[in-house]
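Trainee: Mind looking over this structure? Questions follow.
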Amino acid sequence: MSEALQLDPFYQAMGGRFTSVMSWNDLSPFWDTLRKLAGAGWYIYAVGETPPASTSTAEQIEIFIREIDILLRKDHKEDYCGIVYADNKESPTFIKIFDPNNLGVSCGFSDNPPPPGWILSLIPPRAVENNPMLPRNRRTWWQKLWD
């Protein structure tokens, strides 16, 4: 990544320190925290799509929370969550959600970790480097959210 991109606030935030929502029991209270911040000016970015130019409404945040929760619980067949990360779980400003169907090594160390599937950010998002094209089933899911 070029030095100019490394200084970009979005890329700096994305490379920052994150904490995982490890248990399924902790995910619902985390969503409740996000609901309380729904009017804060969140961008919802599906990595692989064009980054959004405008923030989401509180209603769009609610739709996303409801639908991503269903998707994660259905597709991540583990007894723990561990694929939702926040810069601060009590007062998040940047959230990375990894796609259960494209995990690779999302936690721990890897020279080439997979990008998150979705990002919620108070900072206008930028395209994520090396982002894969969104698979058709995920693109369909994403588009249905906003129909």
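Every chain in the structure tokens takes a letter, A first, then B, and so on in the order presented; its residues are numbered from 1, and the ligands are numbered from 1 following the presented order.
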Any idea what's packed within 6 Å of A:Ile95, counting only C-alpha atoms, ignoring anything in its chain fewer than 2 positions away? Could you give it as a list of chain:residue names?

Mentor: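 Residues meeting the cut-off are A:Tyr85, A:Ala86, A:Ile119, A:Leu120.
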
Trainee: Any chance you could export the current selection's C-alpha atoms as a CSV table (one decimal), in the first residue's frame?

Mentor:
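part-v7.csv was written with the following content:
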chain,number,residue,atom,x,y,z
A,85,TYR,CA,-14.9,-7.3,15.3
A,86,ALA,CA,-15.2,-3.8,16.7
A,119,ILE,CA,-17.7,-3.0,7.2
A,120,LEU,CA,-19.7,-0.5,9.2

Trainee: I'd like the neighbourhood of A:Met22 as JSON, numbers by chain, where a residue qualifies if any of its atoms comes within 8 Å (using only C-alpha atoms), though same-chain residues fewer than 5 positions away should be ignored.

Mentor: {"A": [27, 80, 81, 82, 83, 84]}

Trainee: So that I can check the surroundings of stretch 88-91 of chain A, please list as a list in words every protein, DNA and RNA residue that reaches within 8 Å of it, counting only C-alpha atoms and ignoring chain neighbours fewer than 3 positions away.

Mentor: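 Near stretch 88-91 of chain A, the qualifying residues are Phe18, Thr19, Val21, Phe30, Thr33 and Phe94 of chain A.
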
Trainee: Just to confirm, what's the straight-line distance from atom CA of A:Pro92 to atom CA of A:Tyr45 in Å (one decimal)?

Mentor: 15.6 Å

Trainee: Just to confirm, what's the straight-line distance from atom CA of A:Arg136 to atom CA of A:Asn101 in Å (one decimal)?

Mentor: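 Distance reported for this atom pair: 12.5 Å.
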
Trainee: Between A:Lys144, A:Lys77, A:Ile61, A:Pro116, which one has atoms that come closest to A:Lys96, using only C-alpha atoms?

Mentor: A:Pro116

Trainee: Pick out the residues sitting within 8 Å of A:Leu145, and hand them over as a ChimeraX atom specification; count only C-alpha atoms, and ignore anything fewer than 2 positions along from it in its own chain.

Mentor: /A:63-64,67,141-143,147

Trainee: Keeping only N, CA and C atoms, write those residues as a tab-separated table (two decimals), in the first residue's frame.

Mentor:
chain	number	residue	atom	x	y	z
A	63	ILE	N	-32.30	-2.83	9.41
A	63	ILE	CA	-32.45	-3.89	8.41
A	63	ILE	C	-31.16	-4.70	8.33
A	64	PHE	N	-30.03	-4.01	8.25
A	64	PHE	CA	-28.74	-4.70	8.14
A	64	PHE	C	-28.48	-5.57	9.37
A	67	GLU	N	-30.75	-8.69	9.30
A	67	GLU	CA	-30.43	-9.66	8.25
A	67	GLU	C	-29.03	-10.26	8.40
A	141	TRP	N	-28.10	-11.41	-1.81
A	141	TRP	CA	-28.51	-11.13	-0.43
A	141	TRP	C	-28.40	-9.64	-0.16
A	142	TRP	N	-27.29	-9.04	-0.54
A	142	TRP	CA	-27.04	-7.60	-0.33
A	142	TRP	C	-28.08	-6.74	-1.02
A	143	GLN	N	-28.37	-7.06	-2.27
A	143	GLN	CA	-29.32	-6.25	-3.05
A	143	GLN	C	-30.74	-6.38	-2.50
A	147	ASP	N	-34.10	-3.60	-1.39
A	147	ASP	CA	-35.29	-3.57	-2.28
A	147	ASP	C	-36.54	-3.22	-1.51

Trainee: As a PyMOL selection string, please: every residue in stretch 1-140 of chain A that DSSP puts in helix (DSSP H, G or I).

Mentor: chain A and resi 3-6+9-14+24-36+38-40+58-75+136-140

Trainee: Produce a file of the selected residues containing C-alpha atoms, as a short mmCIF file (atom, residue, chain, number, x, y, z; two decimals), in the first residue's frame.

Mentor:
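Once everything was written out, this is selection.cif:
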data_model
loop_
_atom_site.label_atom_id
_atom_site.label_comp_id
_atom_site.auth_asym_id
_atom_site.auth_seq_id
_atom_site.Cartn_x
_atom_site.Cartn_y
_atom_site.Cartn_z
CA GLU A 3 2.35 5.84 1.86
CA ALA A 4 -0.53 8.19 0.94
CA LEU A 5 -3.04 5.36 1.37
CA GLN A 6 -1.46 4.35 4.68
CA PRO A 9 -8.16 7.70 7.92
CA PHE A 10 -10.24 4.77 6.63
CA TYR A 11 -7.24 2.53 5.98
CA GLN A 12 -5.67 3.55 9.30
CA ALA A 13 -8.88 2.63 11.12
CA MET A 14 -9.19 -0.64 9.23
CA TRP A 24 -23.26 -15.71 20.31
CA ASN A 25 -24.68 -14.52 23.65
CA ASP A 26 -22.61 -11.34 23.34
CA LEU A 27 -23.68 -10.63 19.76
CA SER A 28 -27.25 -9.54 20.55
CA PRO A 29 -26.15 -6.97 23.18
CA PHE A 30 -23.55 -5.72 20.69
CA TRP A 31 -26.28 -5.22 18.07
CA ASP A 32 -28.30 -3.35 20.73
CA THR A 33 -25.32 -1.03 21.26
CA LEU A 34 -25.16 -0.42 17.52
CA ARG A 35 -28.92 0.25 17.39
CA LYS A 36 -28.47 3.02 19.97
CA ALA A 38 -27.90 4.07 14.47
CA GLY A 39 -28.27 7.80 13.83
CA ALA A 40 -24.54 8.49 14.20
CA ALA A 58 -31.41 4.30 11.17
CA GLU A 59 -33.91 2.10 9.34
CA GLN A 60 -31.18 0.76 7.03
CA ILE A 61 -28.98 0.03 10.05
CA GLU A 62 -31.85 -1.92 11.62
CA ILE A 63 -32.45 -3.89 8.41
CA PHE A 64 -28.74 -4.70 8.14
CA ILE A 65 -28.45 -5.79 11.78
CA ARG A 66 -31.50 -8.04 11.51
CA GLU A 67 -30.43 -9.66 8.25
CA ILE A 68 -26.70 -10.02 9.00
CA ASP A 69 -27.56 -11.63 12.34
CA ILE A 70 -29.73 -14.20 10.56
CA LEU A 71 -27.03 -14.85 7.95
CA LEU A 72 -24.20 -15.22 10.49
CA ARG A 73 -26.15 -17.56 12.76
CA LYS A 74 -27.24 -19.70 9.79
CA ASP A 75 -23.90 -19.88 7.95
CA ARG A 136 -23.45 -14.07 -6.55
CA ASN A 137 -25.33 -15.42 -3.52
CA ARG A 138 -23.93 -12.63 -1.33
CA ARG A 139 -24.59 -9.97 -3.98
CA THR A 140 -28.20 -11.19 -4.24
#

Trainee: Excluding A:Leu122 and residues on its chain fewer than 3 positions from it, collect all residues at most 7 Å away from it, counting only C-alpha atoms, and give them as a PDB file with N, CA and C atoms, in the first residue's frame.

Mentor:
ATOM      1  N   GLY A  41     -24.414   8.263  11.775  1.00  0.00           N
ATOM      2  CA  GLY A  41     -23.814   8.503  10.462  1.00  0.00           C
ATOM      3  C   GLY A  41     -22.952   7.340   9.983  1.00  0.00           C
ATOM      4  N   TRP A  42     -23.507   6.135  10.058  1.00  0.00           N
ATOM      5  CA  TRP A  42     -22.790   4.925   9.662  1.00  0.00           C
ATOM      6  C   TRP A  42     -22.810   4.730   8.149  1.00  0.00           C
ATOM      7  N   TYR A  43     -21.707   4.266   7.639  1.00  0.00           N
ATOM      8  CA  TYR A  43     -21.617   3.760   6.271  1.00  0.00           C
ATOM      9  C   TYR A  43     -21.654   2.245   6.371  1.00  0.00           C
ATOM     10  N   THR A  93     -16.816   2.647  16.419  1.00  0.00           N
ATOM     11  CA  THR A  93     -16.788   3.579  15.298  1.00  0.00           C
ATOM     12  C   THR A  93     -16.420   2.852  14.010  1.00  0.00           C
ATOM     13  N   PHE A  94     -15.941   1.608  14.145  1.00  0.00           N
ATOM     14  CA  PHE A  94     -15.521   0.809  12.994  1.00  0.00           C
ATOM     15  C   PHE A  94     -15.761  -0.655  13.338  1.00  0.00           C
TER      16      PHE A  94
END

Trainee: Identify all residues of chain A in strand (DSSP E) (DSSP on the backbone) and supply them as a list in words.

Mentor: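 Assigned to strand (DSSP E), within chain A: Thr19, Ser20, Tyr43, Ile44, Tyr45, Ala46, Val84, Tyr85, Ala86, Phe94, Ile95, Lys96, Ile97, Trp118, Ile119, Leu120 and Ser121 of chain A.
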
Trainee: What does the structure give for the distance between atom CA of A:Ile123 and atom CA of A:Ser23, in Å to one decimal?

Mentor: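 Rounded to one decimal, the two atoms are 26.8 Å apart.
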
Trainee: In terms of the shortest atom-to-atom distance over only C-alpha atoms, which of A:Asp87, A:Asp99, A:Glu49, A:Asp8 is closest to A:Ser20?

Mentor: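 Among A:Asp87, A:Asp99, A:Glu49, A:Asp8, it is A:Asp87 that comes nearest to A:Ser20.
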
Trainee: Counting only C-alpha atoms, which residue out of A:Trp146, A:Glu78, A:Pro124, A:Pro100 sits closest to A:Thr57?

Mentor: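 Answer, going by the shortest atom-to-atom distance: A:Trp146.
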